[in-house]
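Next up, my_file.cif (mmCIF, C-alpha atoms):
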```
data_data
#
loop_
_atom_site.label_atom_id
_atom_site.label_comp_id
_atom_site.auth_asym_id
_atom_site.auth_seq_id
_atom_site.Cartn_x
_atom_site.Cartn_y
_atom_site.Cartn_z
CA MET H 30 158.42 -233.28 129.56
CA PRO H 31 158.52 -230.97 132.60
CA PRO H 32 157.10 -227.48 132.11
CA GLU H 33 159.62 -224.80 131.17
CA THR H 34 158.53 -222.29 133.81
CA GLY H 35 157.07 -222.28 137.30
CA GLY H 36 159.54 -224.69 138.82
CA VAL H 37 162.05 -224.52 141.67
CA LEU H 38 165.67 -223.39 141.46
CA PHE H 39 168.07 -224.67 144.14
CA VAL H 40 171.25 -222.66 144.82
CA HIS H 41 173.83 -224.85 146.57
CA ALA H 42 177.47 -224.28 147.47
CA HIS H 43 179.22 -227.61 146.81
CA PRO H 44 178.71 -230.97 145.14
CA ASP H 45 176.84 -233.03 147.81
CA ASP H 46 174.90 -230.11 149.34
CA GLU H 47 171.90 -230.93 147.17
CA CYS H 48 171.18 -234.33 148.66
CA VAL H 49 170.67 -234.39 152.45
CA GLY H 50 168.56 -231.27 152.97
CA THR H 51 166.82 -230.98 149.60
CA GLY H 52 167.29 -234.26 147.71
CA GLY H 53 163.85 -235.61 148.53
CA SER H 54 162.19 -232.37 147.47
CA ILE H 55 164.11 -232.42 144.20
CA ALA H 56 163.09 -236.02 143.49
CA ARG H 57 159.47 -235.27 144.37
CA LEU H 58 159.39 -232.20 142.11
CA VAL H 59 160.76 -234.24 139.23
CA ALA H 60 158.20 -237.00 139.85
CA GLU H 61 155.41 -234.42 139.77
CA GLY H 62 156.61 -233.06 136.44
CA VAL H 63 157.90 -229.77 137.83
CA ARG H 64 160.99 -228.17 136.35
CA VAL H 65 164.02 -228.34 138.67
CA ASP H 66 167.18 -226.25 138.24
CA LEU H 67 170.21 -227.02 140.38
CA VAL H 68 172.97 -224.43 140.69
CA THR H 69 176.24 -225.65 142.23
CA CYS H 70 178.53 -222.72 142.94
CA THR H 71 181.89 -224.43 143.56
CA ASP H 72 183.89 -227.49 142.55
CA GLY H 73 184.31 -229.01 146.02
CA ALA H 74 188.10 -229.16 145.62
CA GLU H 75 188.67 -228.58 149.35
CA GLY H 76 186.54 -231.51 150.50
CA GLU H 77 187.97 -234.55 152.21
CA VAL H 78 188.58 -237.97 150.66
CA HIS H 79 186.77 -240.73 152.54
CA ASP H 80 186.08 -243.11 149.66
CA PRO H 81 187.75 -246.37 150.81
CA THR H 82 188.51 -247.28 147.20
CA LEU H 83 190.71 -244.22 146.75
CA ASP H 84 194.18 -243.32 147.99
CA PRO H 85 193.59 -239.87 149.56
CA GLU H 86 197.03 -238.57 148.58
CA GLU H 87 196.61 -239.69 144.97
CA ALA H 88 193.02 -238.49 144.73
CA ARG H 89 193.36 -235.06 146.31
CA PRO H 90 194.90 -233.28 143.28
CA ARG H 91 191.99 -234.47 141.15
CA LEU H 92 189.27 -234.13 143.76
CA ALA H 93 187.33 -231.52 141.80
CA ALA H 94 186.99 -233.92 138.86
CA ILE H 95 186.04 -236.77 141.17
CA ARG H 96 183.36 -234.69 142.84
CA ALA H 97 182.01 -233.58 139.47
CA GLU H 98 181.42 -237.26 138.71
CA GLU H 99 179.80 -237.75 142.10
CA LEU H 100 177.51 -234.78 141.48
CA ALA H 101 176.49 -236.16 138.08
CA CYS H 102 175.70 -239.49 139.76
CA SER H 103 173.61 -237.71 142.42
CA VAL H 104 171.69 -235.63 139.90
CA HIS H 105 170.88 -238.76 137.90
CA ALA H 106 169.74 -240.58 141.05
CA LEU H 107 167.37 -237.74 141.93
CA GLY H 108 165.91 -237.08 138.54
CA GLY H 109 167.49 -238.94 135.67
CA GLY H 110 167.93 -236.46 132.84
CA ALA H 111 165.12 -234.17 133.96
CA ILE H 112 167.16 -231.86 136.21
CA HIS H 113 168.66 -228.73 134.67
CA GLN H 114 172.17 -228.55 136.09
CA HIS H 115 174.23 -225.33 136.26
CA LEU H 116 177.84 -225.04 137.45
CA LEU H 117 178.98 -221.51 138.37
CA GLY H 118 182.58 -222.65 138.17
CA TYR H 119 184.15 -221.19 141.29
CA ARG H 120 186.80 -222.93 143.35
CA ASP H 121 185.86 -224.33 146.76
CA SER H 122 186.86 -221.72 149.36
CA GLY H 123 187.52 -224.04 152.25
CA MET H 124 187.00 -222.66 155.73
CA ILE H 125 187.72 -219.15 156.96
CA GLY H 126 191.40 -218.71 157.80
CA THR H 127 192.70 -221.45 155.50
CA ASP H 128 195.01 -220.88 152.52
CA ALA H 129 192.24 -222.08 150.21
CA ASN H 130 190.01 -219.27 151.43
CA ALA H 131 192.44 -216.72 150.01
CA HIS H 132 192.84 -218.44 146.63
CA PRO H 133 192.04 -215.94 143.86
CA ASP H 134 189.63 -218.39 142.22
CA ALA H 135 187.80 -219.17 145.46
CA PHE H 136 184.13 -218.31 145.63
CA TRP H 137 184.83 -216.28 148.79
CA GLN H 138 187.09 -214.01 146.70
CA ALA H 139 184.60 -213.66 143.86
CA ASP H 140 183.12 -210.40 142.67
CA LEU H 141 179.58 -210.97 143.93
CA GLU H 142 178.12 -208.59 141.38
CA ILE H 143 179.48 -210.81 138.62
CA ALA H 144 178.42 -213.98 140.40
CA THR H 145 174.92 -212.59 140.93
CA GLY H 146 174.76 -211.64 137.26
CA ARG H 147 175.51 -215.23 136.28
CA LEU H 148 172.76 -216.45 138.56
CA VAL H 149 170.29 -213.85 137.27
CA GLU H 150 170.83 -215.16 133.75
CA ILE H 151 170.04 -218.69 134.95
CA VAL H 152 166.89 -217.43 136.66
CA ARG H 153 165.84 -215.60 133.50
CA GLU H 154 166.25 -218.85 131.56
CA ALA H 155 164.56 -221.10 134.12
CA ARG H 156 161.73 -218.75 135.17
CA PRO H 157 161.20 -220.55 138.52
CA ALA H 158 158.36 -219.90 140.90
CA ALA H 159 160.70 -220.46 143.87
CA ILE H 160 164.36 -220.18 144.81
CA VAL H 161 165.79 -222.38 147.58
CA THR H 162 169.10 -221.68 149.31
CA TYR H 163 170.53 -221.16 152.83
CA ASP H 164 169.99 -218.55 155.52
CA GLU H 165 172.28 -215.50 155.84
CA ASN H 166 174.87 -217.53 157.75
CA GLY H 167 174.90 -220.27 155.16
CA ASN H 168 173.18 -222.46 157.78
CA TYR H 169 176.48 -223.24 159.48
CA GLY H 170 178.96 -220.52 158.60
CA HIS H 171 180.86 -221.97 155.66
CA PRO H 172 181.96 -219.08 153.39
CA ASP H 173 180.71 -220.77 150.22
CA HIS H 174 177.29 -221.32 151.77
CA ILE H 175 177.20 -217.68 152.85
CA ASN H 176 178.04 -216.45 149.35
CA ALA H 177 175.57 -218.85 147.73
CA ALA H 178 172.87 -217.36 149.94
CA ARG H 179 174.05 -213.83 149.16
CA ILE H 180 173.86 -214.18 145.40
CA ALA H 181 170.52 -215.99 145.61
CA ARG H 182 169.08 -213.11 147.64
CA GLN H 183 170.56 -210.52 145.32
CA ALA H 184 169.19 -212.31 142.25
CA TYR H 185 165.72 -212.52 143.80
CA THR H 186 165.80 -208.82 144.67
CA ALA H 187 167.26 -207.76 141.32
CA LEU H 188 164.37 -209.34 139.42
CA ALA H 189 161.60 -207.90 141.58
CA GLY H 190 158.99 -206.29 139.35
CA ALA H 191 160.46 -207.81 136.18
CA PRO H 192 158.65 -210.36 134.03
CA GLU H 193 161.10 -212.96 135.39
CA ALA H 194 160.42 -212.07 139.03
CA VAL H 195 160.42 -215.07 141.36
CA ASP H 196 157.43 -215.47 143.67
CA ARG H 197 158.90 -217.45 146.58
CA PHE H 198 162.25 -217.43 148.37
CA TYR H 199 163.06 -220.30 150.73
CA GLU H 200 165.83 -220.92 153.22
CA LEU H 201 166.87 -224.45 154.11
CA ALA H 202 166.07 -224.83 157.82
CA TRP H 203 167.32 -227.50 160.22
CA SER H 204 164.69 -227.75 162.94
CA ARG H 205 166.63 -227.50 166.19
CA GLU H 206 164.19 -229.52 168.28
CA ARG H 207 163.80 -232.19 165.63
CA TRP H 208 167.54 -232.85 165.50
CA GLU H 209 167.71 -232.90 169.29
CA ASP H 210 165.07 -235.65 169.16
CA VAL H 211 167.10 -237.55 166.57
CA PHE H 212 170.28 -237.43 168.63
CA GLY H 213 168.30 -238.41 171.73
CA ALA H 214 166.92 -241.46 169.92
CA MET H 215 170.42 -242.38 168.78
CA ALA H 216 171.71 -242.13 172.34
CA GLU H 217 168.89 -244.37 173.61
CA ARG H 218 169.94 -247.02 171.11
CA GLY H 219 173.63 -246.65 171.84
CA ILE H 220 174.36 -245.20 168.40
CA PRO H 221 177.26 -242.73 168.61
CA ARG H 222 176.98 -239.40 166.90
CA PRO H 223 179.50 -239.16 164.04
CA TRP H 224 181.72 -236.66 165.83
CA ASP H 225 181.81 -238.87 168.93
CA ARG H 226 183.40 -241.77 167.10
CA ASP H 227 187.08 -242.51 167.42
CA ASP H 228 187.67 -244.13 164.04
CA GLU H 229 189.35 -241.02 162.63
CA GLY H 230 191.55 -240.63 165.70
CA GLU H 231 192.35 -237.66 167.87
CA GLU H 232 194.70 -236.15 165.30
CA ALA H 233 191.88 -235.89 162.77
CA ALA H 234 189.66 -234.25 165.33
CA ALA H 235 192.40 -231.78 166.19
CA ALA H 236 192.78 -230.97 162.51
CA GLY H 237 189.14 -230.06 162.33
CA GLU H 238 188.02 -233.02 160.28
CA ALA H 239 184.51 -232.95 161.64
CA SER H 240 181.38 -233.46 159.59
CA GLU H 241 178.88 -230.69 159.00
CA ALA H 242 176.77 -232.37 161.62
CA GLY H 243 179.69 -232.09 163.99
CA ASP H 244 180.00 -228.40 163.18
CA ALA H 245 176.33 -228.12 163.97
CA ASP H 246 176.78 -229.71 167.38
CA GLU H 247 179.67 -227.39 168.24
CA GLN H 248 177.43 -224.44 167.44
CA GLU H 249 174.48 -225.73 169.45
CA GLU H 250 175.01 -223.29 172.27
CA GLU H 251 175.08 -220.46 169.76
CA GLY H 252 171.74 -221.58 168.38
CA PHE H 253 172.33 -224.06 165.58
CA GLY H 254 169.40 -224.45 163.24
CA ARG H 255 166.05 -222.75 163.60
CA PRO H 256 163.52 -223.13 166.37
CA ASP H 257 160.78 -225.39 165.11
CA ALA H 258 158.29 -222.58 165.64
CA GLU H 259 160.01 -220.66 162.83
CA VAL H 260 159.86 -223.52 160.31
CA THR H 261 157.13 -222.63 157.85
CA THR H 262 157.43 -225.49 155.39
CA ARG H 263 157.55 -229.23 156.10
CA VAL H 264 157.88 -231.39 153.01
CA ASP H 265 157.10 -235.10 153.23
CA VAL H 266 159.62 -236.90 151.03
CA SER H 267 159.17 -240.37 152.52
CA ALA H 268 158.10 -241.76 149.15
CA PHE H 269 161.44 -240.71 147.68
CA LEU H 270 163.85 -242.18 150.19
CA ASP H 271 165.35 -244.58 147.66
CA GLN H 272 166.30 -241.75 145.30
CA LYS H 273 167.60 -239.65 148.17
CA ARG H 274 169.70 -242.46 149.61
CA ARG H 275 171.17 -243.28 146.20
CA SER H 276 172.00 -239.61 145.72
CA MET H 277 173.76 -239.46 149.08
CA ASP H 278 175.64 -242.68 148.34
CA CYS H 279 177.02 -241.12 145.14
CA HIS H 280 179.14 -238.72 147.18
CA ARG H 281 181.53 -241.37 148.35
CA THR H 282 184.44 -239.02 149.05
CA GLN H 283 182.25 -237.17 151.55
CA ARG H 284 181.20 -240.17 153.64
CA GLN H 285 182.20 -238.37 156.82
CA ASP H 286 179.27 -235.99 156.29
CA MET H 287 176.49 -238.36 155.35
CA GLY H 288 177.63 -241.95 155.69
CA TRP H 289 176.35 -242.09 159.28
CA LEU H 290 172.87 -241.13 158.06
CA LEU H 291 172.87 -244.00 155.59
CA GLU H 292 173.96 -246.38 158.35
CA LEU H 293 171.11 -245.57 160.75
CA PRO H 294 168.55 -248.34 161.43
CA PRO H 295 165.86 -248.26 158.72
CA ASP H 296 163.12 -246.85 160.94
CA LEU H 297 165.26 -244.08 162.38
CA GLY H 298 166.82 -243.36 158.99
CA ALA H 299 163.38 -242.97 157.44
CA THR H 300 162.38 -240.57 160.21
CA VAL H 301 165.51 -238.47 159.73
CA LEU H 302 165.54 -238.39 155.93
CA GLY H 303 161.81 -238.49 155.20
CA LEU H 304 161.05 -234.86 156.09
CA GLU H 305 162.72 -231.75 154.67
CA THR H 306 162.15 -228.39 156.30
CA TYR H 307 162.37 -224.82 155.10
CA VAL H 308 161.54 -221.25 155.97
CA LEU H 309 159.53 -219.33 153.39
CA ARG H 310 161.32 -216.01 153.78
CA TRP H 311 159.64 -213.92 151.08
CA ARG H 312 156.50 -214.24 148.97
CA ASP H 313 156.15 -211.78 146.09
CA GLY H 314 158.90 -209.71 147.67
CA ALA H 315 157.17 -209.38 151.05
CA ASP H 316 158.20 -210.90 154.38
CA VAL H 317 156.30 -214.06 155.33
CA PRO H 318 155.20 -214.34 158.98
CA SER H 319 156.75 -217.17 160.99
CA THR H 320 153.25 -218.40 161.74
CA HIS H 321 152.77 -219.38 158.09
CA ARG H 322 152.45 -223.13 157.58
CA GLU H 323 152.54 -225.21 154.41
CA GLU H 324 153.54 -228.67 153.25
CA TRP H 325 154.98 -228.03 149.80
CA LEU H 326 157.31 -225.62 148.05
CA LEU H 327 154.73 -224.58 145.49
CA GLY H 328 151.74 -224.05 147.77
#
```

Would you write out, as structure tokens, the structure that this file holds?
Amino acid sequence: MPPETGGVLFVHAHPDDECVGTGGSIARLVAEGVRVDLVTCTDGAEGEVHDPTLDPEEARPRLAAIRAEELACSVHALGGGAIHQHLLGYRDSGMIGTDANAHPDAFWQADLEIATGRLVEIVREARPAAIVTYDENGNYGHPDHINAARIARQAYTALAGAPEAVDRFYELAWSRERWEDVFGAMAERGIPRPWDRDDEGEEAAAAGEASEAGDADEQEEEGFGRPDAEVTTRVDVSAFLDQKRRSMDCHRTQRQDMGWLLELPPDLGATVLGLETYVLRWRDGADVPSTHREEWLLG
């Protein structure tokens, strides 16, 4: 049985956010007998439907239930029954400016004091040594990612000095230079980036149906990701690629976001998925210098 304290608590926005950036770390923690808690803030009801076995029009009204099943599949792939799963129960907010963003049940409309209180109770129960979430911009500007990061920060701060205080606070960090290398290698092999493909058609592109990776590319000039010099923590998860891939494959409705990663040639796919990177933002409540270097979330 994993220990009941001293583990890692991941605060993610939607079903599927747990797998690409942190899935290998989760699987590795479970394999090492460390307690893992996964908080998913929203139901993913505003996601797209790219599962070829589903009729998008028929599936959309029940997308939240479908994605709950996909999340359960992913959690099982990463850790069997060892992962402590927590659903905050908010509605997916969609993107800024959409009708969904103004929905009264949307996470973006939530009372953050209440949401933080819910998360604090989970932290008190789990007693983790580390919290992992996004940077202040939610890593790419999605409102649910921003609020997930907000409540994680507030929970960490609220418990400072208490018996349940959390030692470490991590931000998921996409290394800018590393992803530039990946896209360069893809170009050399003639592999199109997902947002360069025409299979969804120009109308889909005009409607904004780009993957998160596509959003990242559009923000490149504004400084997508973090400079590699700021990345403090590089976690080798190459031994857990099978679990990570199976987790990603569970989220079949969201194939536009991660299907292209699963389709990469094995060597390039292993390079892309075999390393997960973070910034250790705070340690015992104090800022951590960007020169800090480590290879694991628990030191």

Check your understanding: Rounded to one decimal in Å, what is the spacing between atom CA of H:Cys70 and atom CA of H:Ala177?
Key ->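 Here the two named atoms are 6.8 Å from each other.
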
Practice item. Could you check how far atom CA of H:Ala97 sits from atom CA of H:Cys48, in Å to one decimal? Key: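 Interatomic distance here is 14.2 Å.
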
Check your understanding: Can you tell me, as JSON, numbers by chain, what residues are no more than 8 Å from H:Thr282 when counting all atoms listed in the file, ignoring any on the same chain fewer than 3 positions away?
Key -> {"H": [76, 77, 78, 79, 80, 96]}

Review point. Which of these residues is nearest to H:Asp316, using only C-alpha atoms: H:Asp225, H:Asp128, H:Glu165, H:Asp196?
Key: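 Nearest to H:Asp316: H:Asp196.
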
**Study point:** Pick from H:Arg197, H:Glu86, H:Gly170, H:Met287, whichever lies nearest to H:Glu47 using all atoms listed in the file
**Key:** H:Met287

Practice item. Go through H:Arg207, H:Arg312, H:His41, H:His132 one by one, measure the shortest atom-to-atom distance of each to H:Ala178 using all atoms listed in the file, and give the residue with the smallest value. Key: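 Ranked by minimum distance to H:Ala178, first place goes to H:His41.
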
Exercise for review: Give me, please, the distance in Å between atom CA of H:Ala159 and atom CA of H:Ile112, quoted to one decimal.
Suggested key: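 Taking atom CA of H:Ala159 as the start and atom CA of H:Ile112 as the end point, the length is 15.2 Å.
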
Point to revise | Closest of H:Leu291, H:Ala111, H:Ile175, H:Leu326 to H:Thr261 - atom-to-atom distances counting only C-alpha atoms | key: H:Leu326

Check your understanding: Applied to this file, what does the PyMOL selection byres ((chain H and resi 72) around 6) return in terms of residues, put as number ranges by chain?
Key -> H: 71, 73-74, 93, 120-121

**Study point:** Nearest candidate to H:Trp311 (options H:Val161, H:Tyr169, H:Trp203, H:Arg281; using all atoms listed in the file)
**Key:**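 Between H:Val161, H:Tyr169, H:Trp203, H:Arg281, the residue approaching H:Trp311 most closely is H:Val161.
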
Would you compute an axis-aligned box for stretch 273-287 of chain H, covering every atom listed for it in the file with 5 Å of margin on each side, and report centre and edge lengths in Å to one decimal as AutoDock Vina command-line options?
```
--center_x 176.0 --center_y -239.6 --center_z 151.0 --size_x 26.8 --size_y 17.3 --size_z 21.7
```

Practice item. May I ask which of the residues H:Ser54, H:His321, H:Leu83, H:Gly328 is the closest one to H:Val266, counting all atoms listed in the file? Key: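 The closest residue to H:Val266 is H:Ser54.
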
Review point. Which protein, DNA or RNA residues are at most 8 Å from (160.0, -215.9, 161.0) in the file's coordinates when you count all atoms listed in the file, listed as a list in words?
Key: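 Residues lying no farther than 8 Å from the given point: Glu259, Val260, Thr261, Val308, Arg310, Val317, Pro318, Ser319 and Thr320 of chain H.
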
Review point. Neighbours of stretch 101-109 of chain H within 9 Å (all atoms listed in the file; same-chain residues fewer than 6 positions away dropped), as a PyMOL selection string?
Key: chain H and resi 44-45+47-48+52-53+55-60+65+67+269+271-280

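Every protein, DNA or RNA residue with an atom at most 8 Å from H:Ile125, where all atoms listed in the file count and chain neighbours fewer than 2 positions away do not, is listed here: H:Gly123, H:Thr127, H:Asn130, H:His171, H:Pro172.
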
Check your understanding: Could you pull the residues within 10 Å of H:Ala194, counting all atoms listed in the file, minus those fewer than 4 positions along the same chain, as a ChimeraX atom specification?
Key -> /H:152-153,156-159,184-190,313-314

Check your understanding: Residues at most 12 Å from H:Ile143, counting all atoms listed in the file, excluding those fewer than 6 positions away in the same chain, as a list in words?
Key -> Leu117, Tyr119, Phe136, Val149, Glu150, Ile180, Gln183 and Ala184 of chain H

Check your understanding: Written as a PyMOL selection string, which residues does the PyMOL selection byres ((chain H and resi 66) around 9) give for the file shown?
Key -> chain H and resi 36-40+64-65+67-68+112-115+151-152+155+157
